[in-house]
Structures are given as C-alpha cells and as structure tokens.
>>> print(open('query30.txt').read())   # compact mmCIF, C-alpha atoms
# COMPACT_ATOMS: atom_id res chain seq x y z
CA MET F 1 0.00 0.00 0.00
CA PHE F 2 2.82 2.42 0.89
CA ASP F 3 5.35 1.19 -1.69
CA ARG F 4 4.15 3.65 -4.32
CA TRP F 5 5.29 6.49 -2.02
CA THR F 6 8.30 4.98 -0.24
CA MET F 7 10.03 3.52 -3.28
CA PRO F 8 10.53 6.84 -5.13
CA LEU F 9 11.98 8.33 -1.94
CA THR F 10 14.58 5.58 -1.60
CA GLN F 11 15.84 5.55 -5.19
CA ALA F 12 18.19 8.56 -4.94
CA PRO F 13 20.11 7.40 -1.81
CA LEU F 14 20.24 3.83 -3.13
CA THR F 15 21.68 5.07 -6.41
CA ARG F 16 24.41 6.97 -4.56
CA LEU F 17 25.33 3.86 -2.60
CA ALA F 18 25.25 1.82 -5.80
CA GLN F 19 27.69 4.23 -7.43
CA GLY F 20 30.17 3.52 -4.64
CA LEU F 21 29.76 -0.24 -5.09
CA ALA F 22 30.18 0.10 -8.85
CA ARG F 23 33.56 1.74 -8.32
CA TRP F 24 34.60 -1.35 -6.38
CA ARG F 25 33.35 -3.59 -9.22
CA VAL F 26 30.73 -5.23 -7.02
CA ARG F 27 28.12 -7.18 -8.98
CA PRO F 28 24.36 -7.04 -8.26
CA ASP F 29 24.07 -10.78 -7.60
CA GLN F 30 26.85 -10.49 -5.01
CA VAL F 31 24.80 -7.87 -3.17
CA THR F 32 21.69 -10.05 -3.39
CA VAL F 33 23.39 -13.12 -1.92
CA THR F 34 25.29 -11.16 0.74
CA ALA F 35 22.11 -9.39 1.88
CA PHE F 36 20.34 -12.75 2.07
CA LEU F 37 23.09 -14.34 4.16
CA VAL F 38 23.14 -11.36 6.51
CA GLY F 39 19.36 -11.46 6.80
CA MET F 40 19.35 -15.17 7.59
CA LEU F 41 21.29 -14.38 10.78
CA ALA F 42 17.95 -13.12 12.06
CA LEU F 43 16.77 -16.72 12.43
CA PRO F 44 19.25 -17.78 15.15
CA LEU F 45 19.21 -14.33 16.74
CA LEU F 46 15.44 -14.37 17.08
CA ALA F 47 15.48 -17.93 18.35
CA LEU F 48 17.91 -16.75 21.06
CA GLU F 49 15.62 -13.77 21.77
CA ALA F 50 18.31 -11.29 20.70
CA TYR F 51 15.67 -9.02 19.20
CA LEU F 52 17.61 -5.80 18.66
CA PRO F 53 20.57 -7.49 16.90
CA ALA F 54 17.99 -9.36 14.82
CA LEU F 55 16.37 -6.06 13.90
CA VAL F 56 19.74 -4.73 12.72
CA VAL F 57 20.34 -7.65 10.35
CA ILE F 58 16.73 -7.47 9.12
CA LEU F 59 17.21 -3.81 8.19
CA LEU F 60 20.57 -4.57 6.57
CA ASN F 61 18.88 -7.25 4.50
CA ARG F 62 16.22 -4.81 3.34
CA LEU F 63 18.90 -2.25 2.48
CA GLY F 64 20.66 -4.85 0.36
CA ASP F 65 17.36 -5.80 -1.26
CA GLY F 66 16.98 -2.29 -2.60
CA LEU F 67 20.66 -1.82 -3.34
CA ASP F 68 21.06 -4.80 -5.66
CA GLY F 69 18.37 -3.49 -8.00
CA ALA F 70 19.79 0.03 -7.97
CA LEU F 71 23.22 -1.35 -8.82
CA ALA F 72 21.84 -3.53 -11.61
CA ARG F 73 20.09 -0.56 -13.20
CA LEU F 74 23.19 1.62 -12.82
CA LEU F 75 25.36 -0.96 -14.55
CA GLY F 76 22.72 -1.78 -17.16
CA ARG F 77 22.60 -5.37 -15.91
CA ALA F 78 19.00 -5.68 -14.79
CA SER F 79 17.97 -9.19 -15.75
CA ASP F 80 15.26 -11.80 -15.29
CA ALA F 81 17.83 -14.07 -13.63
CA GLY F 82 18.72 -11.41 -11.09
CA GLY F 83 15.07 -10.60 -10.45
CA PHE F 84 14.28 -14.28 -9.94
CA LEU F 85 17.13 -14.69 -7.44
CA ASP F 86 16.10 -11.55 -5.60
CA ILE F 87 12.42 -12.41 -5.15
CA GLY F 88 13.13 -16.05 -4.36
CA LEU F 89 15.58 -15.23 -1.58
CA ASP F 90 13.22 -12.54 -0.29
CA PHE F 91 10.49 -15.06 0.43
CA VAL F 92 12.93 -17.47 2.10
CA PHE F 93 14.08 -14.59 4.32
CA TYR F 94 10.52 -13.58 5.20
CA GLY F 95 9.74 -17.14 6.27
CA ALA F 96 12.95 -17.35 8.30
CA VAL F 97 12.04 -14.26 10.31
CA VAL F 98 8.63 -15.68 11.21
CA LEU F 99 10.19 -19.05 12.08
CA GLY F 100 12.67 -17.27 14.34
CA PHE F 101 9.84 -15.85 16.45
CA ALA F 102 8.19 -19.26 16.64
CA LEU F 103 11.43 -20.78 17.93
CA ALA F 104 11.90 -17.99 20.47
CA ASP F 105 8.72 -18.96 22.31
CA PRO F 106 6.95 -21.92 20.72
CA ALA F 107 4.15 -22.05 23.27
CA ALA F 108 3.17 -18.42 22.78
CA ASN F 109 4.18 -17.79 19.17
CA ALA F 110 3.97 -20.98 17.13
CA LEU F 111 0.28 -20.80 16.20
CA ALA F 112 0.43 -17.13 15.20
CA ALA F 113 3.63 -17.80 13.24
CA ALA F 114 1.95 -20.67 11.39
CA LEU F 115 -0.99 -18.41 10.54
CA LEU F 116 1.35 -15.71 9.24
CA LEU F 117 3.29 -18.20 7.11
CA PHE F 118 -0.05 -19.42 5.71
CA ALA F 119 -0.93 -15.82 4.84
CA PHE F 120 2.50 -15.27 3.27
CA ILE F 121 1.86 -18.21 0.96
CA GLY F 122 -1.26 -16.44 -0.26
CA THR F 123 0.40 -13.07 -0.84
CA GLY F 124 3.46 -14.64 -2.45
CA THR F 125 1.66 -17.00 -4.80
CA SER F 126 -0.92 -14.42 -5.90
CA PHE F 127 1.91 -11.94 -6.56
CA LEU F 128 4.05 -14.35 -8.57
CA ALA F 129 1.21 -16.07 -10.42
CA PHE F 130 -0.06 -12.74 -11.69
CA ALA F 131 3.49 -11.69 -12.63
CA ILE F 132 3.76 -14.76 -14.87
CA MET F 133 0.46 -14.05 -16.59
CA ALA F 134 1.21 -10.32 -16.88
CA THR F 135 4.46 -11.13 -18.69
CA ARG F 136 2.58 -13.42 -21.07
CA HIS F 137 0.20 -10.58 -21.94
CA GLY F 138 2.96 -7.96 -22.09
CA LEU F 139 1.48 -5.81 -19.33
CA GLU F 140 3.59 -2.85 -18.26
CA ARG F 141 4.63 -1.75 -14.75
CA PRO F 142 3.56 1.94 -14.74
CA ARG F 143 4.37 2.76 -11.10
CA PHE F 144 7.18 0.28 -10.44
CA GLN F 145 9.44 0.28 -13.47
CA GLN F 146 12.37 -0.69 -11.22
CA LYS F 147 10.70 -3.99 -10.29
CA ALA F 148 11.74 -7.19 -12.07
CA PHE F 149 8.15 -8.48 -11.96
CA TYR F 150 4.77 -6.89 -12.56
CA TYR F 151 3.79 -5.41 -9.22
CA LEU F 152 0.15 -6.11 -8.33
CA HIS F 153 -0.93 -3.77 -5.52
CA GLY F 154 -2.18 -4.92 -2.15
CA LEU F 155 -2.81 -3.84 1.41
CA THR F 156 0.46 -5.44 2.54
CA GLU F 157 3.47 -4.87 0.31
CA GLY F 158 7.20 -4.59 0.97
CA THR F 159 7.03 -1.48 3.12
CA GLU F 160 4.32 -2.89 5.35
CA THR F 161 6.23 -6.15 5.78
CA VAL F 162 9.38 -4.32 6.87
CA LEU F 163 7.37 -2.21 9.31
CA ALA F 164 5.74 -5.36 10.70
CA PHE F 165 9.14 -6.98 11.27
CA VAL F 166 10.38 -3.84 13.01
CA VAL F 167 7.36 -3.79 15.32
CA PHE F 168 7.74 -7.52 16.01
CA CYS F 169 11.33 -6.97 17.13
CA LEU F 170 10.51 -3.92 19.26
CA PHE F 171 7.55 -5.61 20.98
CA PRO F 172 8.38 -9.34 20.89
CA GLU F 173 6.11 -10.12 23.83
CA GLN F 174 3.19 -9.03 21.63
CA PHE F 175 4.23 -11.11 18.62
CA ALA F 176 1.21 -13.43 18.71
CA LEU F 177 -1.26 -10.56 18.57
CA LEU F 178 0.73 -8.48 16.08
CA ALA F 179 1.40 -11.44 13.77
CA THR F 180 -2.27 -12.40 13.80
CA LEU F 181 -3.28 -8.87 12.84
CA PHE F 182 -0.69 -8.73 10.08
CA ALA F 183 -1.75 -12.16 8.84
CA ALA F 184 -5.33 -10.88 8.56
CA ALA F 185 -4.10 -7.94 6.48
CA CYS F 186 -2.11 -10.33 4.28
CA LEU F 187 -5.20 -12.44 3.71
CA VAL F 188 -7.07 -9.31 2.62
CA THR F 189 -4.20 -8.62 0.21
CA THR F 190 -4.45 -12.16 -1.16
CA ALA F 191 -8.19 -11.83 -1.72
CA THR F 192 -7.93 -8.45 -3.45
CA ARG F 193 -5.03 -9.59 -5.62
CA LEU F 194 -6.90 -12.71 -6.72
CA TRP F 195 -10.00 -10.67 -7.50
CA GLY F 196 -8.14 -7.82 -9.21
CA GLY F 197 -5.75 -10.08 -11.07
CA HIS F 198 -8.58 -12.27 -12.37
CA ARG F 199 -10.56 -9.26 -13.58
CA THR F 200 -7.50 -7.71 -15.23
CA LEU F 201 -6.52 -10.88 -17.07
CA LYS F 202 -10.10 -11.54 -18.20
CA ALA F 203 -10.24 -8.02 -19.62
CA PHE F 204 -7.02 -8.52 -21.57
CA GLU F 205 -8.13 -11.92 -22.81
CA ALA F 206 -11.36 -10.34 -24.05
CA GLU F 207 -9.36 -7.64 -25.85
CA ASP F 208 -7.15 -10.32 -27.43
CA ARG F 209 -10.20 -12.19 -28.70
CA GLU F 210 -11.69 -8.99 -30.12
CA SER F 211 -8.46 -8.17 -31.94
CA VAL F 212 -8.37 -11.68 -33.45
CA ASP F 213 -12.01 -11.39 -34.57
CA ARG F 214 -11.23 -8.16 -36.37
>>> encode(input="query30.txt", output="structure tokens")
Amino acid sequence: MFDRWTMPLTQAPLTRLAQGLARWRVRPDQVTVTAFLVGMLALPLLALEAYLPALVVILLNRLGDGLDGALARLLGRASDAGGFLDIGLDFVFYGAVVLGFALADPAANALAAALLLFAFIGTGTSFLAFAIMATRHGLERPRFQQKAFYYLHGLTEGTETVLAFVVFCLFPEQFALLATLFAAACLVTTATRLWGGHRTLKAFEAEDRESVDR
C-alpha cells in the first residue's frame, strides 16, 4: 500500500550507494546473496531472543534488497535471472524471520507464526502467479518500473512487511497478537489480488479475442 510512495523516496540514496559499489566492481548478484546471508542471521538471533541485533540484520537485508536493484540498473545489468534470485531469496528470508519468532517462544508464538506463514503463501503465490500471466500478456509496470516483476498492488506490500518486522522486534512479547493482525491484512491482500488479477486478465483476454475477430 505504501510502496508507491516509499520507493521513489529511496531511489536517490540507493543510487548513490550503488555508485560507490560500482567503483569497487561489485556485482548485483553479489549484493543479493550477501544481503540474504546477513538477513538469515535473524533466524538464530530471534530464536535466542536477541531481538535488537535481529532487527539490525533485518534492516541490513532490506537495504541490500533495494541496493542490488539500484546497482543492476546503474550498470545496465537488470535481468530476469537477477530478479528471480532476488524475489526467491526474499520469500525465504521472510519465512525465516517468522520461524525465528516461533522458535523464540513456541508455546506463545507458534500458532500465530503458522498463521502468518499461511498468509505469506497467499500473498506470495498471488503476486508471482499474476506476474507470470502479466508477462505473457505484455502488461507494463507503470508505477514500479524498477521492479523485475509486474507489481500487483495490495494492502500489505514490501514497506508494510518491513514495518511489521520492526514492530515484532521492538515488541516481541506481543508477537502473537501483532502477527495475527498482520496475517489478517495479508489475507485481505491475497483476496484483493486474486479478484483484481482475475478481472485484469479476463479483460485482456477479451481484448485479445476482439483483436483476433477483427
């Protein structure tokens, strides 16, 4: 929901950081993998209830997630392979963070964590399934040209997920309640994406049939 406003604000500072990495001949995929490995440290840190160090590595991961794309665009190396690696590792990282909270206090957190992972499956699959179909129909990305995939809007997007992780780390004793609320928002996102994506694709299929009939 907030990505359309936050993403334009982050592009200039990310580009400046990318320029520094380019001078050191760093490649985008190296940033992607490094950010993922740093982010995965959140899993053991959360399991050990080291919430503030976990928050630091979560934020570093998100910084790297934006930086790899900025570097790829700067170098003219934006690619489907890089986009695939980026989004795939993102979802593994998201799941690891939720698992970390479940391990920290299984009795209190496991059920809410399972619900949130269930909701993440919905948001992730609806996002990626529509991206595949959008590519097949040649749909453009008017607001998110820097994205490797067609970006179907929703109530919970990247910005909201980062904010949720920050709040989880700052108030870990409230994880069960906060995760349940965020899971509900993710389920709303899944429903709206399925509805909106279905309507959009049906409209384009109808246009394709009309053009063939002509």
>>> atom_distance(input="query30.txt", atom1="atom CA of Glu157 of chain F", atom2="atom CA of Thr189 of chain F")
8.5 Å
>>> closest_residue(input="query30.txt", among="F:Ala42, F:Ser126, F:Phe175, F:Thr135", to="Gly95 of chain F", atoms="all atoms listed in the file")
F:Ala42
>>> closest_residue(input="query30.txt", among="F:Val57, F:Ala47, F:Leu67, F:Ala176", to="Asn109 of chain F", atoms="all atoms listed in the file")
F:Ala176
>>> closest_atom_pairs(input="query30.txt", of="segment 22-79 of chain F", to="segment 159-174 of chain F", cutoff="10 Å", atoms="only C-alpha atoms", output="JSON lines")
{"residue": "F:Leu46", "atom": "CA", "partner": "F:Cys169", "partner_atom": "CA", "distance": 8.5}
{"residue": "F:Glu49", "atom": "CA", "partner": "F:Pro172", "partner_atom": "CA", "distance": 8.5}
{"residue": "F:Ala50", "atom": "CA", "partner": "F:Cys169", "partner_atom": "CA", "distance": 9.0}
{"residue": "F:Tyr51", "atom": "CA", "partner": "F:Cys169", "partner_atom": "CA", "distance": 5.2}
{"residue": "F:Leu52", "atom": "CA", "partner": "F:Cys169", "partner_atom": "CA", "distance": 6.6}
{"residue": "F:Pro53", "atom": "CA", "partner": "F:Cys169", "partner_atom": "CA", "distance": 9.3}
{"residue": "F:Ala54", "atom": "CA", "partner": "F:Cys169", "partner_atom": "CA", "distance": 7.4}
{"residue": "F:Leu55", "atom": "CA", "partner": "F:Cys169", "partner_atom": "CA", "distance": 6.1}
{"residue": "F:Val56", "atom": "CA", "partner": "F:Val166", "partner_atom": "CA", "distance": 9.4}
{"residue": "F:Ile58", "atom": "CA", "partner": "F:Phe165", "partner_atom": "CA", "distance": 7.9}
{"residue": "F:Leu59", "atom": "CA", "partner": "F:Val162", "partner_atom": "CA", "distance": 8.0}
{"residue": "F:Arg62", "atom": "CA", "partner": "F:Val162", "partner_atom": "CA", "distance": 7.7}
>>> write_last_selection(input="query30.txt", atoms="C-alpha atoms", output="PDB file, in the frame of the given file")
ATOM      1  CA  LEU F  46      15.440 -14.370  17.080  1.00  0.00           C
ATOM      2  CA  GLU F  49      15.620 -13.770  21.770  1.00  0.00           C
ATOM      3  CA  ALA F  50      18.310 -11.290  20.700  1.00  0.00           C
ATOM      4  CA  TYR F  51      15.670  -9.020  19.200  1.00  0.00           C
ATOM      5  CA  LEU F  52      17.610  -5.800  18.660  1.00  0.00           C
ATOM      6  CA  PRO F  53      20.570  -7.490  16.900  1.00  0.00           C
ATOM      7  CA  ALA F  54      17.990  -9.360  14.820  1.00  0.00           C
ATOM      8  CA  LEU F  55      16.370  -6.060  13.900  1.00  0.00           C
ATOM      9  CA  VAL F  56      19.740  -4.730  12.720  1.00  0.00           C
ATOM     10  CA  ILE F  58      16.730  -7.470   9.120  1.00  0.00           C
ATOM     11  CA  LEU F  59      17.210  -3.810   8.190  1.00  0.00           C
ATOM     12  CA  ARG F  62      16.220  -4.810   3.340  1.00  0.00           C
TER      13      ARG F  62
END
>>> residues_around(input="query30.txt", residues="segment 78-82 of chain F", least_positions_apart="3", cutoff="8 Å", atoms="only C-alpha atoms", output="PyMOL selection string")
chain F and resi 28-29+69+72-73+75+85-86+148
>>> closest_residue(input="query30.txt", among="F:Met7, F:Ala107, F:Leu181, F:Leu194", to="Gly158 of chain F", atoms="all atoms listed in the file")
F:Met7
>>> closest_residue(input="query30.txt", among="F:Thr180, F:Thr156, F:Thr125, F:Gln30", to="Gly88 of chain F", atoms="all atoms listed in the file")
F:Thr125
>>> closest_residue(input="query30.txt", among="F:Leu89, F:Thr32, F:Ala191, F:Phe130", to="Gly66 of chain F", atoms="all atoms listed in the file")
F:Thr32
>>> closest_residue(input="query30.txt", among="F:Leu178, F:Leu201, F:Gly39, F:Leu128", to="Gly83 of chain F", atoms="all atoms listed in the file")
F:Leu128
>>> residues_around(input="query30.txt", residues="Tyr94 of chain F", least_positions_apart="4", cutoff="9 Å", atoms="all atoms listed in the file", output="PDB file with C-alpha atoms, in the frame of the given file")
ATOM      1  CA  LEU F  89      15.580 -15.230  -1.580  1.00  0.00           C
ATOM      2  CA  ASP F  90      13.220 -12.540  -0.290  1.00  0.00           C
ATOM      3  CA  VAL F  98       8.630 -15.680  11.210  1.00  0.00           C
ATOM      4  CA  LEU F  99      10.190 -19.050  12.080  1.00  0.00           C
ATOM      5  CA  LEU F 117       3.290 -18.200   7.110  1.00  0.00           C
ATOM      6  CA  PHE F 120       2.500 -15.270   3.270  1.00  0.00           C
ATOM      7  CA  THR F 161       6.230  -6.150   5.780  1.00  0.00           C
TER       8      THR F 161
END
>>> atom_distance(input="query30.txt", atom1="atom CA of Trp195 of chain F", atom2="atom CA of Thr123 of chain F")
12.6 Å
>>> atom_distance(input="query30.txt", atom1="atom CA of Gly76 of chain F", atom2="atom CA of Gly124 of chain F")
27.4 Å
>>> axis_aligned_box(input="query30.txt", around="segment 25-44 of chain F", padding_each_side="4 Å", output="JSON")
{"center_x": 25.1, "center_y": -10.7, "center_z": 3.0, "size_x": 24.6, "size_y": 22.2, "size_z": 32.4}
